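Undergrad: So here's entry25.csv, just CSV, C-alpha atoms:
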```csv
chain,number,residue,atom,x,y,z
A,1,MET,CA,0.0,0.0,0.0
A,2,LYS,CA,1.4,3.4,-1.0
A,3,CYS,CA,1.2,6.2,1.4
A,4,TYR,CA,1.2,9.9,0.8
A,5,ASN,CA,4.7,11.4,0.7
A,6,PRO,CA,4.6,15.3,0.7
A,7,GLU,CA,8.2,15.5,-0.6
A,8,TYR,CA,7.2,14.4,-4.1
A,9,MET,CA,3.9,16.2,-4.3
A,10,GLY,CA,5.1,19.7,-3.3
A,11,THR,CA,3.9,21.7,-0.4
A,12,ILE,CA,0.5,23.4,0.0
A,13,ALA,CA,2.2,26.7,-0.9
A,14,ASP,CA,3.5,25.3,-4.2
A,15,TRP,CA,0.0,24.1,-5.1
A,16,VAL,CA,-1.6,27.5,-4.1
A,17,GLY,CA,1.0,29.2,-6.3
A,18,ILE,CA,0.3,27.0,-9.3
A,19,VAL,CA,-3.5,27.5,-9.0
A,20,ILE,CA,-3.1,31.3,-8.7
A,21,THR,CA,-0.8,31.4,-11.7
A,22,ALA,CA,-3.2,29.4,-13.8
A,23,LEU,CA,-6.1,31.5,-12.7
A,24,THR,CA,-4.2,34.7,-13.5
A,25,ILE,CA,-3.3,33.5,-17.0
A,26,PHE,CA,-7.0,32.4,-17.6
A,27,LEU,CA,-8.4,35.8,-16.5
A,28,THR,CA,-5.8,37.8,-18.5
A,29,ILE,CA,-6.7,35.9,-21.7
A,30,ARG,CA,-10.4,36.3,-21.0
A,31,TYR,CA,-10.0,40.1,-20.3
A,32,TYR,CA,-8.1,40.8,-23.5
A,33,SER,CA,-10.3,38.6,-25.7
A,34,ASN,CA,-13.4,40.4,-24.4
A,35,ASP,CA,-11.7,43.8,-24.8
A,36,ASN,CA,-11.0,43.2,-28.5
A,37,LYS,CA,-14.4,41.8,-29.5
A,38,ARG,CA,-16.2,43.5,-32.3
A,39,LYS,CA,-19.8,44.3,-31.4
A,40,PHE,CA,-22.3,46.1,-33.6
A,41,LYS,CA,-26.0,46.5,-33.1
A,42,ILE,CA,-28.2,47.5,-36.0
A,43,VAL,CA,-31.1,49.9,-35.3
A,44,ILE,CA,-34.2,49.8,-37.6
A,45,TYR,CA,-37.2,52.0,-37.4
A,46,PRO,CA,-40.2,52.6,-39.7
A,47,LEU,CA,-41.3,56.0,-41.0
A,48,TYR,CA,-45.0,56.5,-41.4
A,49,SER,CA,-44.9,59.6,-43.5
A,50,LYS,CA,-43.4,60.7,-46.8
A,51,LYS,CA,-42.7,64.1,-48.3
A,52,ALA,CA,-43.9,65.1,-51.8
A,53,ASN,CA,-43.7,68.6,-53.2
A,54,GLY,CA,-43.0,70.0,-49.7
A,55,ILE,CA,-46.1,68.4,-48.1
A,56,PHE,CA,-45.9,65.5,-45.6
A,57,PHE,CA,-48.3,62.7,-46.1
A,58,GLY,CA,-49.1,60.4,-43.2
A,59,SER,CA,-50.0,56.7,-43.4
A,60,THR,CA,-51.0,53.8,-41.2
A,61,LYS,CA,-48.4,51.6,-42.9
A,62,PRO,CA,-44.6,52.3,-43.0
A,63,GLN,CA,-43.5,54.2,-46.1
A,64,PHE,CA,-39.8,53.8,-45.4
A,65,TYR,CA,-37.4,52.0,-43.1
A,66,GLU,CA,-34.3,53.7,-41.8
A,67,PHE,CA,-31.4,51.8,-40.2
A,68,TYR,CA,-27.9,52.3,-39.0
A,69,ALA,CA,-25.2,50.3,-37.1
A,70,VAL,CA,-23.9,51.3,-33.7
A,71,ASN,CA,-20.4,50.3,-32.6
A,72,PHE,CA,-20.5,48.8,-29.1
A,73,SER,CA,-17.0,47.5,-29.0
A,74,LYS,CA,-14.3,49.4,-27.1
A,75,ASN,CA,-12.2,50.1,-30.2
A,76,PRO,CA,-13.0,52.0,-33.4
A,77,ASP,CA,-13.9,49.9,-36.3
A,78,SER,CA,-14.8,50.3,-40.0
A,79,VAL,CA,-18.1,48.9,-41.2
A,80,TYR,CA,-20.3,49.2,-44.3
A,81,PHE,CA,-23.9,48.4,-45.3
A,82,TYR,CA,-23.6,45.2,-47.3
A,83,LYS,CA,-27.0,43.8,-48.4
A,84,ILE,CA,-30.6,42.9,-47.6
A,85,LEU,CA,-31.5,39.3,-48.1
A,86,PRO,CA,-34.1,36.7,-46.9
A,87,LYS,CA,-33.3,35.0,-43.7
A,88,ARG,CA,-34.1,31.3,-44.1
A,89,SER,CA,-34.3,28.5,-41.6
A,90,ILE,CA,-33.8,24.9,-42.4
A,91,LEU,CA,-37.6,24.5,-42.8
A,92,ASP,CA,-37.7,27.5,-45.1
A,93,LYS,CA,-34.9,26.0,-47.3
A,94,VAL,CA,-36.2,22.4,-47.4
A,95,PHE,CA,-40.0,22.5,-47.1
A,96,TYR,CA,-41.0,26.0,-48.3
A,97,LYS,CA,-38.0,26.4,-50.7
A,98,ILE,CA,-37.8,30.2,-50.3
A,99,PRO,CA,-35.3,31.5,-52.9
A,100,ASN,CA,-32.1,33.0,-51.5
A,101,GLU,CA,-32.1,36.2,-53.6
A,102,GLN,CA,-30.8,39.4,-52.1
A,103,LEU,CA,-32.5,42.7,-52.7
A,104,ASP,CA,-30.5,44.7,-55.3
A,105,LEU,CA,-30.2,48.3,-54.3
A,106,SER,CA,-27.7,49.4,-56.9
A,107,CYS,CA,-27.8,50.3,-60.5
A,108,PRO,CA,-27.2,47.2,-62.7
A,109,PHE,CA,-24.2,48.8,-64.4
A,110,GLU,CA,-22.7,50.3,-61.3
A,111,GLU,CA,-19.7,48.6,-59.7
A,112,SER,CA,-20.5,47.9,-56.1
A,113,ARG,CA,-17.6,49.1,-53.9
A,114,PRO,CA,-17.7,48.9,-50.1
A,115,ASP,CA,-18.3,52.3,-48.5
A,116,TYR,CA,-16.5,51.8,-45.2
A,117,GLN,CA,-17.3,54.2,-42.4
A,118,THR,CA,-14.8,54.3,-39.5
A,119,ILE,CA,-16.6,54.9,-36.3
A,120,GLY,CA,-15.5,55.0,-32.7
A,121,SER,CA,-17.0,53.4,-29.6
A,122,LYS,CA,-20.7,54.2,-29.1
A,123,GLU,CA,-20.9,56.0,-32.5
A,124,ARG,CA,-23.2,55.2,-35.4
A,125,THR,CA,-22.9,54.9,-39.1
A,126,LYS,CA,-24.8,57.2,-41.5
A,127,ILE,CA,-28.5,56.5,-41.7
A,128,GLU,CA,-29.6,54.3,-44.7
A,129,LYS,CA,-33.1,54.5,-46.0
A,130,VAL,CA,-35.1,52.0,-48.0
A,131,SER,CA,-38.6,52.3,-49.4
A,132,ALA,CA,-41.2,49.9,-47.8
A,133,ASP,CA,-42.6,49.4,-51.4
A,134,LEU,CA,-39.2,48.1,-52.5
A,135,LEU,CA,-39.1,45.6,-49.6
A,136,TYR,CA,-42.7,44.5,-50.2
A,137,SER,CA,-42.0,44.2,-53.9
A,138,HIS,CA,-39.0,41.9,-53.2
A,139,LEU,CA,-40.9,39.9,-50.6
A,140,SER,CA,-43.8,39.5,-53.1
A,141,HIS,CA,-41.4,38.2,-55.7
A,142,LEU,CA,-39.9,35.7,-53.2
A,143,TYR,CA,-43.4,34.7,-52.0
A,144,MET,CA,-44.6,33.9,-55.5
A,145,ARG,CA,-41.5,31.8,-56.2
A,146,THR,CA,-41.8,29.9,-52.9
A,147,LYS,CA,-43.2,26.4,-53.1
A,148,ASN,CA,-45.8,25.5,-50.5
A,149,ASN,CA,-46.4,29.2,-49.8
A,150,LYS,CA,-49.9,28.6,-48.6
A,151,TYR,CA,-48.5,27.2,-45.3
A,152,LEU,CA,-46.0,30.1,-44.8
A,153,LYS,CA,-46.9,32.5,-42.0
A,154,LYS,CA,-44.1,35.0,-42.2
A,155,MET,CA,-41.1,36.0,-44.2
A,156,ILE,CA,-37.9,37.5,-42.8
A,157,LEU,CA,-35.5,40.0,-44.4
A,158,GLU,CA,-32.1,40.5,-42.9
A,159,ILE,CA,-30.1,43.7,-43.0
A,160,VAL,CA,-26.4,42.9,-43.1
A,161,TYR,CA,-23.4,45.1,-42.3
A,162,VAL,CA,-19.8,43.9,-42.7
A,163,ASN,CA,-16.7,45.1,-40.9
A,164,VAL,CA,-13.1,45.2,-42.3
A,165,GLU,CA,-12.4,41.7,-41.0
A,166,GLY,CA,-15.3,40.3,-43.0
A,167,LYS,CA,-17.5,39.6,-39.9
A,168,GLU,CA,-21.2,40.1,-40.6
A,169,PHE,CA,-23.6,41.8,-38.2
A,170,SER,CA,-27.3,41.6,-39.0
A,171,LYS,CA,-30.8,42.5,-37.8
A,172,GLN,CA,-34.1,40.9,-38.9
A,173,LEU,CA,-37.2,42.6,-40.3
A,174,ILE,CA,-40.3,40.3,-40.0
A,175,PHE,CA,-43.2,40.5,-42.4
A,176,SER,CA,-46.4,38.5,-42.1
A,177,THR,CA,-47.6,36.7,-45.3
A,178,GLU,CA,-50.9,38.6,-44.8
A,179,GLU,CA,-49.1,41.9,-45.3
A,180,ILE,CA,-47.4,40.5,-48.4
A,181,CYS,CA,-50.7,39.3,-49.9
A,182,GLU,CA,-52.3,42.6,-49.2
A,183,TYR,CA,-49.5,44.3,-51.0
A,184,ASN,CA,-50.0,41.9,-54.0
A,185,ASP,CA,-53.7,42.7,-54.1
A,186,GLU,CA,-53.1,46.4,-53.9
A,187,GLN,CA,-50.6,46.2,-56.8
A,188,LYS,CA,-53.1,44.2,-58.9
A,189,ARG,CA,-55.7,46.9,-58.2
A,190,LYS,CA,-53.3,49.7,-59.2
A,191,ASN,CA,-52.4,47.8,-62.4
A,192,ILE,CA,-56.1,47.4,-63.3
A,193,LYS,CA,-56.6,51.1,-62.8
A,194,MET,CA,-53.6,51.9,-65.0
A,195,GLN,CA,-54.9,49.8,-67.8
A,196,LYS,CA,-58.3,51.6,-67.9
```
When written as structure tokens, how does the structure in this file appear?
TA:
Amino acid sequence: MKCYNPEYMGTIADWVGIVITALTIFLTIRYYSNDNKRKFKIVIYPLYSKKANGIFFGSTKPQFYEFYAVNFSKNPDSVYFYKILPKRSILDKVFYKIPNEQLDLSCPFEESRPDYQTIGSKERTKIEKVSADLLYSHLSHLYMRTKNNKYLKKMILEIVYVNVEGKEFSKQLIFSTEEICEYNDEQKRKNIKMQK
């Protein structure tokens, strides 16, 4: 039977020193990795009025969506608005087969270059604005191309920003299929009026 021999195991002071050293190394690594994390939050809000010929027109439905990114990391970072695309779950991909087509906001012949904005901690990017009609038009297009769309309850668009390192930050906009169908019906009525 072996018995405990403190000469080979070290003293309690040695063990306490080892544990404290390991804990110090762990906490130092954790502190510096948290300090250098890139954190951006995207803020989205709807606008219920639009201006035409100097007159503001109010509406019960959003006319535009404005959004921007806020830097919540401790260091300055460069970021740019990248794209708007459908957010798809596994069910959306396999059962509903929602197409993965991003919303094209540029001219077809224009080369798309990233417009990086360097912002400090707690600062925001410039405000981007997109028409609600453009979003509904894109969602309508996706809805019509979706298989099994009669079972679909909502569609999600994702606004994506990218920083210099290529890390994506996104926020979701959720639309019910009822709203999309109402938009489709409204567009059909407008087209019938235009044809008369």
Undergrad: If we count all atoms listed in the file and set the cut-off at 9 Å, which residues sit around Val162 (chain A), ignoring sequence neighbours fewer than 6 positions away in its own chain? Please answer as a ChimeraX atom specification.
TA: /A:78-82,116,168-170
Undergrad: Please measure the separation of CA of Lys97 (chain A) and CA of Asn148 (chain A), giving the value in Å to one decimal.
TA: 7.9 Å
Undergrad: Can you work out the spacing between CA of Glu158 (chain A) and CA of Gln172 (chain A) in Å, to one decimal?
TA: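 The value is 4.5 Å.
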Undergrad: Counting all atoms listed in the file, which residue out of A:Lys188, A:Gln195, A:Arg30, A:Val70 sits closest to Ile127 (chain A)?
TA: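 The shortest atom-to-atom distance to Ile127 (chain A) comes from A:Val70.
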Undergrad: Could you work out how far CA of Lys83 (chain A) lies from CA of Tyr96 (chain A), giving the answer in Å with one decimal?
TA: 22.6 Å
Undergrad: Closest to Lys37 (chain A) among A:Trp15, A:Tyr136, A:Phe56, A:Phe72, using only C-alpha atoms?
TA: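 Of the candidates, the smallest distance to Lys37 (chain A) is held by A:Phe72.
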Undergrad: Could you pull out every residue with an atom within 8 Å of (-33.1, 55.4, -47.8), file coordinates, counting only C-alpha atoms, and send them as number ranges by chain?
TA: A: 64-66, 127-131
Undergrad: Just the residues within 9 Å of Leu85 (chain A), please, counting all atoms listed in the file, with nothing from its chain fewer than 2 positions along; format it as a list in words.
TA: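 That gives Lys83, Lys87, Asn100, Glu101, Gln102, Leu103, Ile156, Leu157, Glu158, Ile159 and Val160 of chain A.
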Undergrad: Tell me which of A:Leu91, A:Pro99, A:Lys167, A:Glu178 sits closest to Met144 (chain A), counting all atoms listed in the file.
TA: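 Answer, going by the shortest atom-to-atom distance: A:Pro99.
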Undergrad: Taking into account all atoms listed in the file, which residue in the set A:Ser137, A:Asn149, A:Asn191, A:Ser89 is nearest to Asp104 (chain A)?
TA: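 Closest to Asp104 (chain A), using all atoms listed in the file: A:Ser137.
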Undergrad: Could you give me, as a PDB file with C-alpha atoms, in the coordinates of the input, the residues within 8 Å of Gly58 (chain A), counting only C-alpha atoms and dropping anything in the same chain fewer than 6 positions from it?
TA:
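Contents of out31.pdb, freshly written:
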```pdb
ATOM      1  CA  TYR A  48     -45.000  56.500 -41.400  1.00  0.00           C
ATOM      2  CA  SER A  49     -44.900  59.600 -43.500  1.00  0.00           C
ATOM      3  CA  LYS A  50     -43.400  60.700 -46.800  1.00  0.00           C
TER       4      LYS A  50
END
```
Undergrad: Smallest atom-to-atom distance to Leu142 (chain A): which of A:Gly166, A:Gly120, A:Pro86, A:Gly17, using all atoms listed in the file?
TA: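 Among the listed residues, A:Pro86 lies closest to Leu142 (chain A).
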Undergrad: When you count only C-alpha atoms, which of these residues is closest to Ser73 (chain A): A:Ile119, A:Ala52, A:Ile180, A:Leu173?
TA: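 Of all the options, A:Ile119 lies closest to Ser73 (chain A).
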Undergrad: For a quick check of your reading of the model, name the residues lying within 6 Å of the coordinate (-14.3, 46.9, -30.6), counting all atoms listed in the file, and write them as a VMD selection string.
TA: chain A and resid 36 to 38 73 to 76
